[in-house]
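Colleague: Below is the structure I would like to discuss, written out as structure tokens.
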Amino acid sequence: MPTLAQRMSRARPSAIMAVAMKAKAMAAAGRDVISFSIGVPNFLPGEHVYAAAREALDHDSGNYGTNRGREDLLDGFLEHLRRAGIDGYERRHVVAGIGNKHLLFNTMYALLEEGDEVLVPTPYWTTYVDICDILGATATLLHCPPEADYKLTPAQLEAAIGPKTRLILFNNPSNPTGMVYTPDEVRALADVLVRHDVWVISDDIYNRMIFDGLPYQHLVLARPELRDRVILMDSVSKTYGMPGWRVGCMAGPESIVDAVVRLNSNHITNLPEVTTAAAAAAYTGPQDIPERMCREFQAKRDQVLASFARIPGIRCPKPQGAFYVFPDVSAFFGKRHGGTAIGNDVELCSALLEAEGVAIVPGSAFGEPRAVRLSYTLPPAQLTEGLARIERFFAALA
Ligand SMILES: Cc1ncc(COP(=O)(O)O)c(C=O)c1O
């Protein structure tokens, strides 16, 4: 039988999806499962988004569209950037794709040769490392421990940049930790980056979900001269409750944006008209739903932290954005739950799922095996019940 390309031996299925699938299978078999596993915002977009989609259906052109993305979508994304204070980009600096993940893959494909080094602050979103592996690039993990609030320091960044470094991945607010860099912290990292001729992908997908009145800062606002090497990666998935619609947009220097347009022309050709219209409407329409959801997520974050505070031994840096918490649970390794030994994060998650029907993701999936990730966008009653079960589980560890 003919074989697959060598690079496919390096392509792994998502570890997060594996947990989600197991939880789904248990639920299908009749178990009462509460899943904190997948990073979905769990709300639907506004009626104006559906109206735009219906209108697009009614006026279907029946044609192919543009490789860069339709102008109303590109303009909508530019408006979205301006609302965050990021001005000065034009249509020629932006391109649309099938979600942030697709643009990320294409961007990394366009930038990286085999053996190039990519610096990945760790804990990381799993896909960053998975794409490096597929492309044969070397992901160098920059460990940012709970003691440092899971944040990269300027000194760490400066020391890590070497002759083989081509790309740095920066995700703020962060998946999996929910941590947000303060304006001063962003500026300090930007001050390092201006001294080095390397590409930076700034994954801004959670930047409308920042809590506690913390001001948002971006690398290109802190040091505008970084615009010639920073790529801004975004999508409607999290901000507008549209993960399944699969629309992302990125902004950056024309060279990389044009490269991604060329890649689009070779595989997707264009985004569908209906999803394009829906995403454009999300960007240009009323912004009250994302603002309300941000307040709701902050309240849920507080509920989760209050629950963790009742579990002695859990250490959880306070997340100020996104919708994740990433507690350090390593104090419980070496304990038992009934007859089950808990030696590490994977065993802890597995025992929790078996004993209480609660699915959370082992931190090792994100490069930090001392921790576990919870996505807390569940409806209120499920969230409360899930947290009660987690508290009961930890109380029973001995
Ligand atoms: C940090 C981060 N970047 C990108 C994505 C992918 O987003 P999209 O749905 O736009 O592909 C996710 C989704 O979980 C994410 O957490």
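For the structure tokens, the naming scheme is as follows: chains receive sequential letters (A, B, ...) according to their order of presentation, residues are indexed from 1 within each chain, and ligands are indexed from 1 in presentation order.
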Please identify all protein, DNA and RNA residues within 9 Å of ligand 1, counting only C-alpha atoms and all ligand atoms, and report them as a ChimeraX atom specification.
Modeller: /A:38-40,97-104,124-128,171-176,203-206,233-238,242-249,322
Colleague: Kindly export the residues of the current selection with N, CA and C atoms, as a CSV table (one decimal), in the first residue's frame.
Modeller:
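Below is the file result26.csv, written as the result:
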chain,number,residue,atom,x,y,z
A,38,ILE,N,-13.8,22.0,26.3
A,38,ILE,CA,-13.6,22.8,25.1
A,38,ILE,C,-13.7,24.3,25.3
A,39,GLY,N,-12.9,25.0,24.6
A,39,GLY,CA,-12.9,26.5,24.7
A,39,GLY,C,-13.9,27.2,23.8
A,40,VAL,N,-15.2,26.9,24.1
A,40,VAL,CA,-16.2,27.5,23.3
A,40,VAL,C,-16.9,28.6,24.2
A,97,GLY,N,-9.6,34.3,6.5
A,97,GLY,CA,-9.4,32.8,6.3
A,97,GLY,C,-10.5,32.0,7.1
A,98,ILE,N,-10.3,30.7,7.0
A,98,ILE,CA,-11.3,29.8,7.7
A,98,ILE,C,-11.0,29.8,9.2
A,99,GLY,N,-11.2,30.8,9.9
A,99,GLY,CA,-10.8,30.9,11.3
A,99,GLY,C,-9.4,31.3,11.5
A,100,ASN,N,-9.1,31.7,12.7
A,100,ASN,CA,-7.7,32.0,13.2
A,100,ASN,C,-6.8,30.8,12.9
A,101,LYS,N,-7.3,29.6,13.2
A,101,LYS,CA,-6.4,28.4,13.1
A,101,LYS,C,-5.9,28.2,11.7
A,102,HIS,N,-6.7,28.4,10.7
A,102,HIS,CA,-6.3,28.3,9.3
A,102,HIS,C,-5.3,29.4,8.9
A,103,LEU,N,-5.6,30.6,9.4
A,103,LEU,CA,-4.6,31.7,9.1
A,103,LEU,C,-3.3,31.5,9.7
A,104,LEU,N,-3.4,30.9,11.0
A,104,LEU,CA,-2.1,30.6,11.7
A,104,LEU,C,-1.3,29.6,11.0
A,124,TYR,N,1.1,26.9,26.5
A,124,TYR,CA,0.8,27.4,25.2
A,124,TYR,C,-0.5,26.8,24.7
A,125,TRP,N,-1.1,27.4,23.8
A,125,TRP,CA,-2.3,26.8,23.1
A,125,TRP,C,-1.7,25.7,22.2
A,126,THR,N,-2.2,24.5,22.4
A,126,THR,CA,-1.6,23.3,21.8
A,126,THR,C,-1.3,23.4,20.3
A,127,THR,N,-2.2,24.0,19.6
A,127,THR,CA,-2.0,24.1,18.1
A,127,THR,C,-0.7,24.7,17.7
A,128,TYR,N,-0.2,25.7,18.5
A,128,TYR,CA,1.1,26.3,18.1
A,128,TYR,C,2.2,25.2,17.9
A,171,ASN,N,0.4,35.2,22.8
A,171,ASN,CA,-1.0,35.1,22.9
A,171,ASN,C,-1.5,35.9,24.2
A,172,ASN,N,-2.2,36.9,24.0
A,172,ASN,CA,-2.6,37.8,25.1
A,172,ASN,C,-4.0,38.4,24.8
A,173,PRO,N,-5.0,38.1,25.7
A,173,PRO,CA,-5.0,37.2,26.9
A,173,PRO,C,-4.7,35.7,26.4
A,174,SER,N,-4.3,34.9,27.4
A,174,SER,CA,-3.8,33.6,27.0
A,174,SER,C,-4.8,32.5,27.2
A,175,ASN,N,-4.8,31.6,26.2
A,175,ASN,CA,-5.3,30.3,26.4
A,175,ASN,C,-4.1,29.4,26.6
A,176,PRO,N,-3.9,28.7,27.6
A,176,PRO,CA,-4.9,28.2,28.6
A,176,PRO,C,-5.0,28.9,29.9
A,203,ASP,N,-1.5,36.6,18.8
A,203,ASP,CA,-2.8,36.0,18.7
A,203,ASP,C,-3.7,36.7,19.6
A,204,ASP,N,-4.6,37.5,19.0
A,204,ASP,CA,-5.4,38.5,19.8
A,204,ASP,C,-6.8,38.0,20.0
A,205,ILE,N,-7.0,36.7,19.8
A,205,ILE,CA,-8.4,36.2,19.7
A,205,ILE,C,-9.3,36.5,20.9
A,206,TYR,N,-8.7,36.7,22.1
A,206,TYR,CA,-9.4,36.9,23.3
A,206,TYR,C,-9.4,38.4,23.8
A,233,MET,N,-3.4,38.3,14.7
A,233,MET,CA,-4.3,37.2,14.3
A,233,MET,C,-5.6,37.2,15.1
A,234,ASP,N,-6.7,37.1,14.5
A,234,ASP,CA,-8.0,37.3,15.2
A,234,ASP,C,-9.1,36.4,14.5
A,235,SER,N,-10.2,36.4,15.1
A,235,SER,CA,-11.4,35.8,14.5
A,235,SER,C,-12.7,36.1,15.2
A,236,VAL,N,-13.8,35.8,14.6
A,236,VAL,CA,-15.1,36.1,15.2
A,236,VAL,C,-15.5,35.0,16.2
A,237,SER,N,-14.7,33.9,16.3
A,237,SER,CA,-15.1,32.7,17.1
A,237,SER,C,-15.5,33.0,18.5
A,238,LYS,N,-14.5,33.7,19.2
A,238,LYS,CA,-14.7,33.9,20.7
A,238,LYS,C,-15.5,35.1,20.9
A,242,MET,N,-19.1,32.8,17.6
A,242,MET,CA,-19.3,32.2,16.3
A,242,MET,C,-18.2,31.2,15.9
A,243,PRO,N,-17.8,30.3,16.9
A,243,PRO,CA,-16.7,29.4,16.5
A,243,PRO,C,-17.0,28.5,15.3
A,244,GLY,N,-18.2,28.1,15.2
A,244,GLY,CA,-18.5,27.1,14.1
A,244,GLY,C,-18.7,27.8,12.7
A,245,TRP,N,-18.7,29.1,12.7
A,245,TRP,CA,-18.9,29.9,11.4
A,245,TRP,C,-17.6,29.9,10.6
A,246,ARG,N,-16.5,29.7,11.3
A,246,ARG,CA,-15.2,29.6,10.7
A,246,ARG,C,-14.7,30.8,9.9
A,247,VAL,N,-14.7,32.0,10.6
A,247,VAL,CA,-14.1,33.2,9.9
A,247,VAL,C,-13.1,33.8,10.8
A,248,GLY,N,-11.9,34.0,10.2
A,248,GLY,CA,-10.8,34.7,10.9
A,248,GLY,C,-10.3,35.8,10.0
A,249,CYS,N,-9.6,36.7,10.6
A,249,CYS,CA,-8.9,37.8,9.8
A,249,CYS,C,-7.6,38.0,10.5
A,322,ALA,N,-10.1,36.2,28.8
A,322,ALA,CA,-10.5,35.0,28.2
A,322,ALA,C,-11.6,34.3,29.0
Colleague: Tell me which protein, DNA and RNA residues are within 6 Å of region 131-140 of chain A, counting only C-alpha atoms, leaving out same-chain ones fewer than 2 positions away, and put them as a list in words.
Modeller: Arg7, Arg10, Ala11, Glu114, Gly115, Asp116, Glu117, Val118, Leu119, Val120, Thr127, Tyr128 and Val129 of chain A
Colleague: Could you pull the residues within 10 Å of Gly321 (chain A), counting only C-alpha atoms, minus those fewer than 5 positions along the same chain, as a ChimeraX atom specification?
Modeller: /A:172-175,177-181,206-212,214,294,297-298,301
Colleague: Restricting the calculation to only C-alpha atoms, which member of A:Asn344, A:Thr165, A:Ser375, A:Thr284 is positioned closest to Arg82 (chain A)?
Modeller: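 Result for the nearest residue to Arg82 (chain A): A:Thr284.
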Colleague: Hey, what's within 8 Å of region 153-162 of chain A if we count only C-alpha atoms and toss same-chain stuff fewer than 2 positions away? As a ChimeraX atom specification, please?
Modeller: /A:119,142,151,164-165,185,188-189,192,196
Colleague: List as a PyMOL selection string the protein and nucleic acid residues near region 72-75 of chain A, meaning an atom at most 7 Å away when only C-alpha atoms are counted, but skip any in the same chain fewer than 2 places from it.
Modeller: chain A and resi 69-70+77-79+91+94-95+276+279-280
Colleague: Export N, CA and C atoms of the chosen residues as a PDB file, in the first residue's frame?
Modeller:
ATOM      1  N   GLY A  69     -10.598  37.915   0.632  1.00  0.00           N
ATOM      2  CA  GLY A  69     -11.790  38.104   1.462  1.00  0.00           C
ATOM      3  C   GLY A  69     -12.553  39.309   0.944  1.00  0.00           C
ATOM      4  N   ARG A  70     -13.886  39.275   1.111  1.00  0.00           N
ATOM      5  CA  ARG A  70     -14.694  40.352   0.540  1.00  0.00           C
ATOM      6  C   ARG A  70     -14.442  41.671   1.264  1.00  0.00           C
ATOM      7  N   PHE A  77     -13.247  44.201   9.731  1.00  0.00           N
ATOM      8  CA  PHE A  77     -12.120  43.845  10.603  1.00  0.00           C
ATOM      9  C   PHE A  77     -11.268  45.087  10.917  1.00  0.00           C
ATOM     10  N   LEU A  78     -11.080  45.950   9.924  1.00  0.00           N
ATOM     11  CA  LEU A  78     -10.308  47.180  10.174  1.00  0.00           C
ATOM     12  C   LEU A  78     -11.018  48.043  11.230  1.00  0.00           C
ATOM     13  N   GLU A  79     -12.363  48.055  11.167  1.00  0.00           N
ATOM     14  CA  GLU A  79     -13.129  48.802  12.170  1.00  0.00           C
ATOM     15  C   GLU A  79     -12.928  48.179  13.558  1.00  0.00           C
ATOM     16  N   ARG A  91      -6.857  47.932   3.658  1.00  0.00           N
ATOM     17  CA  ARG A  91      -7.249  46.632   3.104  1.00  0.00           C
ATOM     18  C   ARG A  91      -6.058  45.795   2.665  1.00  0.00           C
ATOM     19  N   VAL A  94      -4.670  43.307   5.232  1.00  0.00           N
ATOM     20  CA  VAL A  94      -5.503  42.288   5.888  1.00  0.00           C
ATOM     21  C   VAL A  94      -5.945  41.196   4.919  1.00  0.00           C
ATOM     22  N   VAL A  95      -6.224  40.032   5.493  1.00  0.00           N
ATOM     23  CA  VAL A  95      -6.718  38.892   4.711  1.00  0.00           C
ATOM     24  C   VAL A  95      -7.612  38.048   5.627  1.00  0.00           C
ATOM     25  N   THR A 276     -19.193  35.067   5.265  1.00  0.00           N
ATOM     26  CA  THR A 276     -18.571  36.386   5.101  1.00  0.00           C
ATOM     27  C   THR A 276     -19.533  37.480   5.554  1.00  0.00           C
ATOM     28  N   ALA A 279     -19.993  37.441   9.379  1.00  0.00           N
ATOM     29  CA  ALA A 279     -18.840  37.960  10.128  1.00  0.00           C
ATOM     30  C   ALA A 279     -18.721  39.468   9.960  1.00  0.00           C
ATOM     31  N   ALA A 280     -18.985  39.965   8.741  1.00  0.00           N
ATOM     32  CA  ALA A 280     -18.931  41.419   8.523  1.00  0.00           C
ATOM     33  C   ALA A 280     -19.961  42.109   9.409  1.00  0.00           C
TER      34      ALA A 280
END
Colleague: Where does DSSP see alpha helix (DSSP H) in region 147-346 of chain A, if you list the residues as a PyMOL selection string?
Modeller: chain A and resi 154-160+183-193+219-222+236-239+254-266+273-284+288-309+345-346
